[in-house]
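A.B. asks: Coordinates in start.txt, compact mmCIF, C-alpha atoms and all ligand atoms, are listed below.
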# COMPACT_ATOMS: atom_id res chain seq x y z
CA MET A 1 -5.36 11.36 12.18
CA ILE A 2 -3.30 14.53 12.37
CA ASN A 3 -2.20 16.42 9.29
CA SER A 4 1.53 15.79 8.82
CA PRO A 5 3.78 18.82 8.17
CA ILE A 6 5.40 19.75 4.86
CA GLN A 7 8.99 20.98 5.21
CA GLN A 8 11.60 22.37 2.89
CA ILE A 9 14.92 20.52 2.63
CA LYS A 10 18.01 21.01 0.54
CA PHE A 11 19.58 17.82 -0.80
CA ARG A 12 22.45 17.72 -3.31
CA ASN A 13 21.74 21.38 -4.08
CA ILE A 14 18.06 20.89 -4.85
CA ASN A 15 15.21 22.33 -2.79
CA PHE A 16 12.58 19.68 -2.15
CA LEU A 17 9.39 19.92 -0.17
CA VAL A 18 8.92 16.86 2.04
CA LYS A 19 5.58 15.67 3.33
CA ARG A 20 6.53 14.17 6.68
CA ASP A 21 4.20 11.19 6.97
CA ASP A 22 6.93 9.55 9.05
CA LEU A 23 5.82 11.94 11.82
CA LEU A 24 2.15 10.91 11.87
CA ASP A 25 2.67 8.74 14.94
CA TYR A 26 5.64 6.84 16.35
CA GLU A 27 4.09 3.38 16.06
CA PHE A 28 1.47 3.81 13.37
CA SER A 29 3.09 5.98 10.74
CA GLY A 30 4.00 6.38 7.10
CA ASN A 31 1.96 5.16 4.20
CA LYS A 32 0.86 2.06 6.12
CA ALA A 33 -1.00 4.33 8.52
CA ARG A 34 -2.72 5.89 5.50
CA LYS A 35 -3.42 2.55 3.86
CA PHE A 36 -4.80 0.98 7.04
CA ALA A 37 -6.69 4.07 8.28
CA TYR A 38 -9.98 2.48 7.21
CA LEU A 39 -9.30 -0.46 9.55
CA LEU A 40 -8.58 1.85 12.44
CA ASN A 41 -11.55 4.14 11.88
CA ASN A 42 -14.31 1.63 11.16
CA ASN A 43 -16.03 -0.33 13.85
CA TYR A 44 -15.72 -3.97 12.68
CA SER A 45 -17.43 -5.16 15.86
CA HIS A 46 -17.86 -8.68 14.42
CA ILE A 47 -14.10 -9.08 13.77
CA ASP A 48 -11.68 -10.74 16.19
CA THR A 49 -8.91 -11.93 13.85
CA LEU A 50 -6.84 -10.39 11.08
CA ILE A 51 -4.88 -12.48 8.57
CA SER A 52 -2.14 -11.23 6.28
CA HIS A 53 1.01 -12.50 4.59
CA GLY A 54 4.30 -11.33 3.10
CA SER A 55 7.95 -11.00 4.01
CA ASN A 56 9.28 -11.62 7.53
CA GLN A 57 10.56 -8.02 7.82
CA SER A 58 7.73 -6.14 6.17
CA ASN A 59 6.67 -2.65 7.28
CA ALA A 60 3.04 -3.62 6.63
CA MET A 61 3.37 -6.58 9.02
CA TYR A 62 4.56 -4.28 11.80
CA SER A 63 1.82 -1.70 11.22
CA LEU A 64 -0.83 -4.43 11.24
CA SER A 65 0.57 -5.79 14.51
CA VAL A 66 0.17 -2.32 16.06
CA LEU A 67 -3.34 -2.05 14.69
CA CYS A 68 -4.35 -5.48 16.00
CA LYS A 69 -3.01 -4.60 19.41
CA LEU A 70 -5.10 -1.42 19.45
CA LYS A 71 -8.17 -3.28 18.22
CA LYS A 72 -7.57 -6.30 20.49
CA TRP A 73 -7.63 -8.61 17.48
CA LYS A 74 -5.63 -11.78 16.96
CA PHE A 75 -3.05 -11.29 14.24
CA LYS A 76 -2.06 -14.29 12.10
CA TYR A 77 0.73 -13.61 9.65
CA TYR A 78 1.90 -16.11 7.02
CA VAL A 79 5.47 -16.18 5.72
CA SER A 80 7.20 -18.63 3.40
CA HIS A 81 10.27 -18.91 5.64
CA ILE A 82 12.17 -17.36 8.56
CA PRO A 83 15.96 -17.44 8.47
CA GLU A 84 17.55 -19.25 11.43
CA PHE A 85 19.58 -16.20 12.52
CA LEU A 86 16.40 -14.11 12.70
CA LYS A 87 14.60 -16.76 14.74
CA SER A 88 17.39 -16.82 17.29
CA ASN A 89 18.06 -13.05 17.12
CA PRO A 90 14.76 -11.28 16.51
CA LEU A 91 15.31 -7.78 15.15
CA GLY A 92 13.42 -4.90 13.55
CA ASN A 93 9.86 -5.27 12.32
CA TYR A 94 9.91 -9.01 13.07
CA LYS A 95 10.91 -8.48 16.69
CA TYR A 96 8.45 -5.68 17.40
CA SER A 97 5.57 -7.48 15.68
CA LEU A 98 6.16 -10.53 17.88
CA GLU A 99 6.15 -8.22 20.91
CA ASN A 100 2.73 -7.05 19.73
CA ASN A 101 1.56 -10.68 19.91
CA MET A 102 1.70 -11.49 16.22
CA GLN A 103 1.27 -15.19 15.59
CA ILE A 104 3.65 -16.09 12.77
CA ILE A 105 2.90 -19.13 10.61
CA ILE A 106 5.37 -20.63 8.19
CA ASP A 107 3.61 -21.99 5.12
CA GLU A 108 5.35 -22.13 1.77
CA ASN A 109 2.09 -22.89 0.01
CA PHE A 110 -0.01 -20.16 1.59
CA ASN A 111 -2.65 -18.82 -0.77
CA ILE A 112 -4.49 -15.63 0.18
CA ASN A 113 -7.50 -16.77 -1.90
CA ASP A 114 -7.87 -20.03 0.02
CA SER A 115 -11.58 -20.25 0.89
CA ASN A 116 -10.77 -22.00 4.18
CA LEU A 117 -9.54 -18.66 5.50
CA ILE A 118 -12.90 -16.98 5.02
CA ASN A 119 -14.87 -16.63 8.19
CA ASP A 120 -17.30 -14.06 9.60
CA ASN A 121 -14.88 -13.02 12.32
CA THR A 122 -11.82 -12.67 10.13
CA LEU A 123 -10.43 -9.88 7.97
CA ILE A 124 -7.96 -10.80 5.22
CA ILE A 125 -5.42 -8.21 4.08
CA LYS A 126 -3.34 -8.70 0.94
CA GLU A 127 0.44 -8.48 1.07
CA GLY A 128 1.58 -4.88 1.57
CA GLY A 129 -2.00 -3.70 2.11
CA ALA A 130 -2.79 -3.67 -1.61
CA ASN A 131 -6.54 -3.42 -0.96
CA SER A 132 -8.87 -0.96 -2.63
CA GLU A 133 -10.09 0.19 0.81
CA ALA A 134 -6.65 1.77 1.17
CA MET A 135 -8.06 4.62 -0.91
CA PHE A 136 -9.86 6.18 2.08
CA GLY A 137 -6.72 7.06 4.00
CA ILE A 138 -4.78 7.96 0.88
CA LYS A 139 -7.54 10.36 -0.17
CA GLN A 140 -6.96 12.16 3.12
CA LEU A 141 -3.26 12.43 2.24
CA ALA A 142 -4.15 13.81 -1.21
CA ASP A 143 -6.55 16.34 0.35
CA GLU A 144 -3.85 17.59 2.73
CA ILE A 145 -1.45 18.13 -0.18
CA ASN A 146 -4.12 19.72 -2.38
CA ASP A 147 -4.84 22.20 0.42
CA TYR A 148 -1.15 22.93 0.93
CA ILE A 149 -0.61 23.63 -2.77
CA LYS A 150 -3.64 25.92 -2.86
CA ASN A 151 -2.88 27.78 0.36
CA ASN A 152 0.75 28.37 -0.62
CA ASN A 153 -0.08 29.19 -4.21
CA LEU A 154 2.43 26.64 -5.55
CA LYS A 155 2.66 26.49 -9.32
CA ASP A 156 3.76 23.55 -11.50
CA TYR A 157 4.62 21.30 -8.56
CA LYS A 158 4.46 17.52 -8.87
CA ILE A 159 4.35 14.82 -6.20
CA PHE A 160 6.95 12.07 -6.05
CA LEU A 161 7.00 8.89 -3.97
CA PRO A 162 8.74 5.54 -4.50
CA SER A 163 6.45 2.50 -4.99
CA GLY A 164 6.31 -1.06 -3.76
CA THR A 165 2.88 -2.44 -4.59
CA GLY A 166 2.01 0.96 -6.08
CA THR A 167 -1.16 1.24 -4.00
CA THR A 168 -0.21 4.55 -2.41
CA SER A 169 0.92 6.28 -5.60
CA LEU A 170 -2.08 5.00 -7.54
CA PHE A 171 -4.72 6.28 -5.13
CA LEU A 172 -2.77 9.48 -4.58
CA GLN A 173 -2.97 10.18 -8.31
CA LYS A 174 -6.66 9.41 -8.23
CA TYR A 175 -7.35 12.17 -5.67
CA SER A 176 -4.51 14.60 -6.25
CA ASN A 177 -4.89 17.80 -8.29
CA VAL A 178 -1.33 17.53 -9.63
CA GLU A 179 0.70 14.88 -11.43
CA VAL A 180 2.09 12.02 -9.32
CA LEU A 181 5.49 10.58 -10.27
CA THR A 182 6.89 7.34 -8.92
CA CYS A 183 9.48 4.64 -9.55
CA ALA A 184 9.49 0.86 -9.03
CA CYS A 185 11.39 -0.47 -6.00
CA VAL A 186 9.90 -3.99 -5.99
CA GLY A 187 10.22 -5.71 -9.35
CA ASP A 188 10.53 -3.64 -12.52
CA GLU A 189 8.36 -1.03 -14.22
CA LYS A 190 6.30 -3.69 -15.94
CA TYR A 191 5.43 -5.29 -12.60
CA LEU A 192 4.41 -1.93 -11.17
CA LYS A 193 2.19 -1.23 -14.18
CA GLU A 194 0.47 -4.60 -13.64
CA GLN A 195 -0.11 -3.69 -9.99
CA PHE A 196 -1.71 -0.41 -11.05
CA LEU A 197 -3.98 -2.23 -13.50
CA GLU A 198 -5.19 -4.58 -10.79
CA LEU A 199 -6.46 -1.63 -8.77
CA GLU A 200 -7.47 0.70 -11.61
CA LYS A 201 -8.33 -0.18 -15.22
CA ASP A 202 -8.19 3.41 -16.46
CA GLU A 203 -4.55 4.01 -17.39
CA ASN A 204 -5.20 7.74 -17.75
CA ILE A 205 -5.26 8.05 -13.98
CA HIS A 206 -2.16 5.96 -13.33
CA PRO A 207 0.91 7.74 -11.89
CA ARG A 208 3.83 8.31 -14.22
CA ILE A 209 6.65 5.80 -13.68
CA LEU A 210 10.17 7.25 -13.89
CA ASN A 211 13.07 5.02 -14.92
CA ASN A 212 15.62 3.82 -12.39
CA THR A 213 19.36 3.99 -12.98
CA LYS A 214 19.39 0.18 -13.00
CA LYS A 215 17.41 -2.81 -11.81
CA PHE A 216 17.43 -3.09 -8.02
CA HIS A 217 16.52 -6.36 -6.30
CA PHE A 218 14.26 -5.58 -3.37
CA GLY A 219 15.98 -5.87 0.00
CA LYS A 220 19.43 -6.43 -1.48
CA LEU A 221 22.31 -4.22 -0.31
CA TYR A 222 23.67 -1.57 -2.66
CA LYS A 223 26.55 0.62 -1.58
CA GLU A 224 25.11 3.63 -3.43
CA ASN A 225 21.81 3.29 -1.52
CA TYR A 226 23.65 3.33 1.79
CA GLU A 227 25.59 6.42 0.66
CA THR A 228 22.34 8.16 -0.32
CA TYR A 229 20.80 7.32 3.05
CA LYS A 230 23.83 8.74 4.90
CA ASP A 231 23.97 11.85 2.69
CA LEU A 232 20.26 12.46 3.26
CA LEU A 233 20.72 12.17 7.00
CA MET A 234 23.72 14.50 6.99
CA GLN A 235 22.32 17.15 4.66
CA THR A 236 18.69 17.21 5.82
CA ASN A 237 18.80 15.82 9.36
CA ILE A 238 15.92 13.53 8.43
CA LYS A 239 16.06 9.74 8.62
CA PHE A 240 14.70 8.30 5.42
CA ASP A 241 13.99 4.64 4.83
CA LEU A 242 16.65 2.35 3.31
CA LEU A 243 14.53 0.18 1.04
CA TYR A 244 12.61 2.73 -0.99
CA ASP A 245 13.88 6.28 -0.49
CA PRO A 246 17.45 5.85 -1.81
CA ILE A 247 16.02 4.37 -5.01
CA GLY A 248 13.45 7.16 -5.13
CA PHE A 249 16.04 9.92 -4.90
CA SER A 250 18.37 8.23 -7.37
CA SER A 251 15.52 7.92 -9.86
CA LEU A 252 14.65 11.61 -9.39
CA PHE A 253 18.22 12.75 -10.05
CA PHE A 254 18.50 10.35 -12.98
CA ASN A 255 15.53 12.15 -14.56
CA LYS A 256 16.66 15.71 -13.76
CA ASP A 257 16.65 16.70 -17.44
CA ILE A 258 12.97 15.92 -17.92
CA ILE A 259 11.53 17.06 -14.60
CA ASP A 260 12.05 20.20 -12.54
CA LEU A 261 13.52 18.81 -9.33
CA ASN A 262 13.00 22.10 -7.50
CA LYS A 263 9.25 21.64 -7.86
CA ILE A 264 8.79 18.29 -6.22
CA ILE A 265 6.79 17.41 -3.13
CA TYR A 266 8.48 14.25 -1.90
CA ILE A 267 6.44 11.99 0.35
CA HIS A 268 8.32 10.49 3.27
CA GLN A 269 6.39 7.26 3.77
CA GLY A 270 7.91 6.19 7.09
CA GLY A 271 9.47 2.74 7.45
CA ILE A 272 12.14 3.82 9.94
CA ILE A 273 11.65 0.82 12.24
CA GLY A 274 12.44 -1.43 9.28
CA ASN A 275 15.79 0.35 8.94
CA GLU A 276 17.16 -1.38 12.02
CA THR A 277 17.91 -4.66 10.24
CA MET A 278 19.06 -2.95 7.05
CA ILE A 279 21.54 -0.73 8.88
CA GLU A 280 22.97 -3.77 10.70
CA ARG A 281 23.49 -5.51 7.37
CA TYR A 282 25.00 -2.42 5.72
CA LYS A 283 27.37 -1.80 8.61
CA ARG A 284 28.59 -5.38 8.53
CA LYS A 285 29.20 -5.17 4.81
CA TYR A 286 30.59 -1.67 4.24
CA ASP A 287 31.66 0.14 7.43
C1 LIG B 301 5.21 0.11 2.11
C2 LIG B 301 6.15 1.20 1.83
C3 LIG B 301 6.29 1.74 0.53
C4 LIG B 301 5.53 1.19 -0.66
O1 LIG B 301 4.15 1.49 -0.64
P1 LIG B 301 3.19 0.90 -1.75
O2 LIG B 301 1.84 1.46 -1.44
O3 LIG B 301 3.19 -0.60 -1.59
O4 LIG B 301 3.71 1.30 -3.09
C5 LIG B 301 7.18 2.80 0.35
N1 LIG B 301 7.92 3.29 1.37
C6 LIG B 301 7.82 2.79 2.61
C7 LIG B 301 8.68 3.36 3.68
C8 LIG B 301 6.94 1.74 2.88
O5 LIG B 301 6.85 1.24 4.13
Kindly present the structure from the file in structure tokens form.
Ligand SMILES: *Cc1c(COP(=O)(O)O)cnc(C)c1O
C.D. replies:
Amino acid sequence: MINSPIQQIKFRNINFLVKRDDLLDYEFSGNKARKFAYLLNNNYSHIDTLISHGSNQSNAMYSLSVLCKLKKWKFKYYVSHIPEFLKSNPLGNYKYSLENNMQIIIDENFNINDSNLINDNTLIIKEGGANSEAMFGIKQLADEINDYIKNNNLKDYKIFLPSGTGTTSLFLQKYSNVEVLTCACVGDEKYLKEQFLELEKDENIHPRILNNTKKFHFGKLYKENYETYKDLLMQTNIKFDLLYDPIGFSSLFFNKDIIDLNKIIYIHQGGIIGNETMIERYKRKYD
């Protein structure tokens, strides 16, 4: 894996440093590339099938479909439902995952712990890649940032990244030399804390969770998030993701009195392919 660049941007009059993990690779990028690096780099010669589950538009689903194509594995992905309009008009992560030969299985009662799934030739990946093996690729990310901070003699900087399952922020804090800040984009702060505890019992090495301006329901449309996305694009010339980044930046600005925004390394975690469906929905609703 190549070392992604760190760039300076100015957004709403604040200078941020941005770690461009969206540029790692066109197909296999962002934090999913970090989380699934162990799958790519290990041999797994006995494996011919990968099973995972989650939403029908998930970024993790798409990244796993790319990985399975590279590895020549079968990819079985379980969802609870697929909306009719998506079935007849495939779009975004769903469309591109099918093009990568994902086999999608609708099963409302799917249980990842079902012992019938276990088989010598099969790997099982939890929703969103919330596996402890994710730590290998995220350690690499932490090492790159640690080196950058040291080589550029940065003082008092902190890392910020918005969380879903919290896997990336948790392992980043584990290996980073500086404090990691995050905010909850799926569920509330209590849910995120529970996710951290599942992966790491020691609360002293959990990232710090910043408050959001309000409770956001994951995947729902919020005019202010669309505005933030468009402002980011206009002011920085960088496409950020629509599900996590607008909440991330709003949480940062909401907490401007307790953290020094000019000393933040913001991690761009990719997810741009997933924007396709979100932008369609936003345009229909607001433009
Ligand atoms: C998956 C994803 C996240 C959330 O990562 P977690 O490790 O689950 O917290 C954030 N941003 C983007 C763009 C993602 O694809």
A.B. asks: Using only C-alpha atoms and all ligand atoms, find each residue in chain A having at least one atom no more than 8 Å away from ligand LIG 301 (chain B); report its shortest atom-to-atom pair and that distance in Å (one decimal), rows by chain then rising number, as a tab-separated table.
C.D. replies:
residue	atom	partner	partner_atom	distance
A:Gly30	CA	B:LIG301	C7	6.5
A:Asn31	CA	B:LIG301	C8	6.2
A:Lys32	CA	B:LIG301	C1	6.2
A:Lys35	CA	B:LIG301	O2	7.5
A:Ser58	CA	B:LIG301	O5	7.7
A:Asn59	CA	B:LIG301	O5	5.0
A:Ala60	CA	B:LIG301	C1	6.2
A:Gly128	CA	B:LIG301	O3	5.6
A:Gly129	CA	B:LIG301	O3	7.1
A:Ala130	CA	B:LIG301	O3	6.7
A:Leu161	CA	B:LIG301	C5	7.5
A:Pro162	CA	B:LIG301	C5	5.8
A:Ser163	CA	B:LIG301	O4	3.5
A:Gly164	CA	B:LIG301	O4	3.6
A:Thr165	CA	B:LIG301	O3	3.5
A:Gly166	CA	B:LIG301	O4	3.5
A:Thr167	CA	B:LIG301	O2	3.9
A:Thr168	CA	B:LIG301	O2	3.8
A:Ser169	CA	B:LIG301	O4	6.2
A:Phe240	CA	B:LIG301	C7	8.0
A:Asp241	CA	B:LIG301	C7	5.6
A:Leu243	CA	B:LIG301	C7	7.2
A:Tyr244	CA	B:LIG301	N1	5.3
A:Asp245	CA	B:LIG301	N1	6.9
A:His268	CA	B:LIG301	C7	7.2
A:Gln269	CA	B:LIG301	C7	4.5
A:Gly270	CA	B:LIG301	C7	4.5
A:Gly271	CA	B:LIG301	C7	3.9
A:Ile272	CA	B:LIG301	C7	7.2
A.B. asks: Report, in Å with one decimal, the straight-line distance from CA of Glu99 (chain A) to CA of Arg34 (chain A).
C.D. replies: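 Result for CA of Glu99 (chain A) versus CA of Arg34 (chain A): 22.7 Å, one decimal.
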A.B. asks: Using only C-alpha atoms, can you list as a list in words the residues within 7 Å of (-6.3, 0.4, -2.9)?
C.D. replies: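 Protein, DNA and RNA residues close to (-6.3, 0.4, -2.9): Ala130, Asn131, Ser132, Glu133, Ala134, Met135, Thr167, Phe171 and Leu199 of chain A.
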A.B. asks: Just want the 6 Å neighbourhood of region 64-78 of chain A, counted on only C-alpha atoms, with same-chain residues fewer than 6 positions away dropped. Output as a count of residues only.
C.D. replies: 13
A.B. asks: For the atom pair CA of Phe136 (chain A) and CA of Phe196 (chain A), what is the interatomic distance in Å to one decimal place?
C.D. replies: 16.8 Å
A.B. asks: Would you mind telling me which residue in A:Phe253, A:Thr122, A:Leu86, A:Thr236 lies nearest to Gln8 (chain A) when using only C-alpha atoms?
C.D. replies: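 Closest residue, counting only C-alpha atoms: A:Thr236.
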A.B. asks: Pick from A:Ile159, A:Leu17, A:Asn113, A:Gln57: nearest to Met278 (chain A), with all atoms listed in the file counted?
C.D. replies: A:Gln57
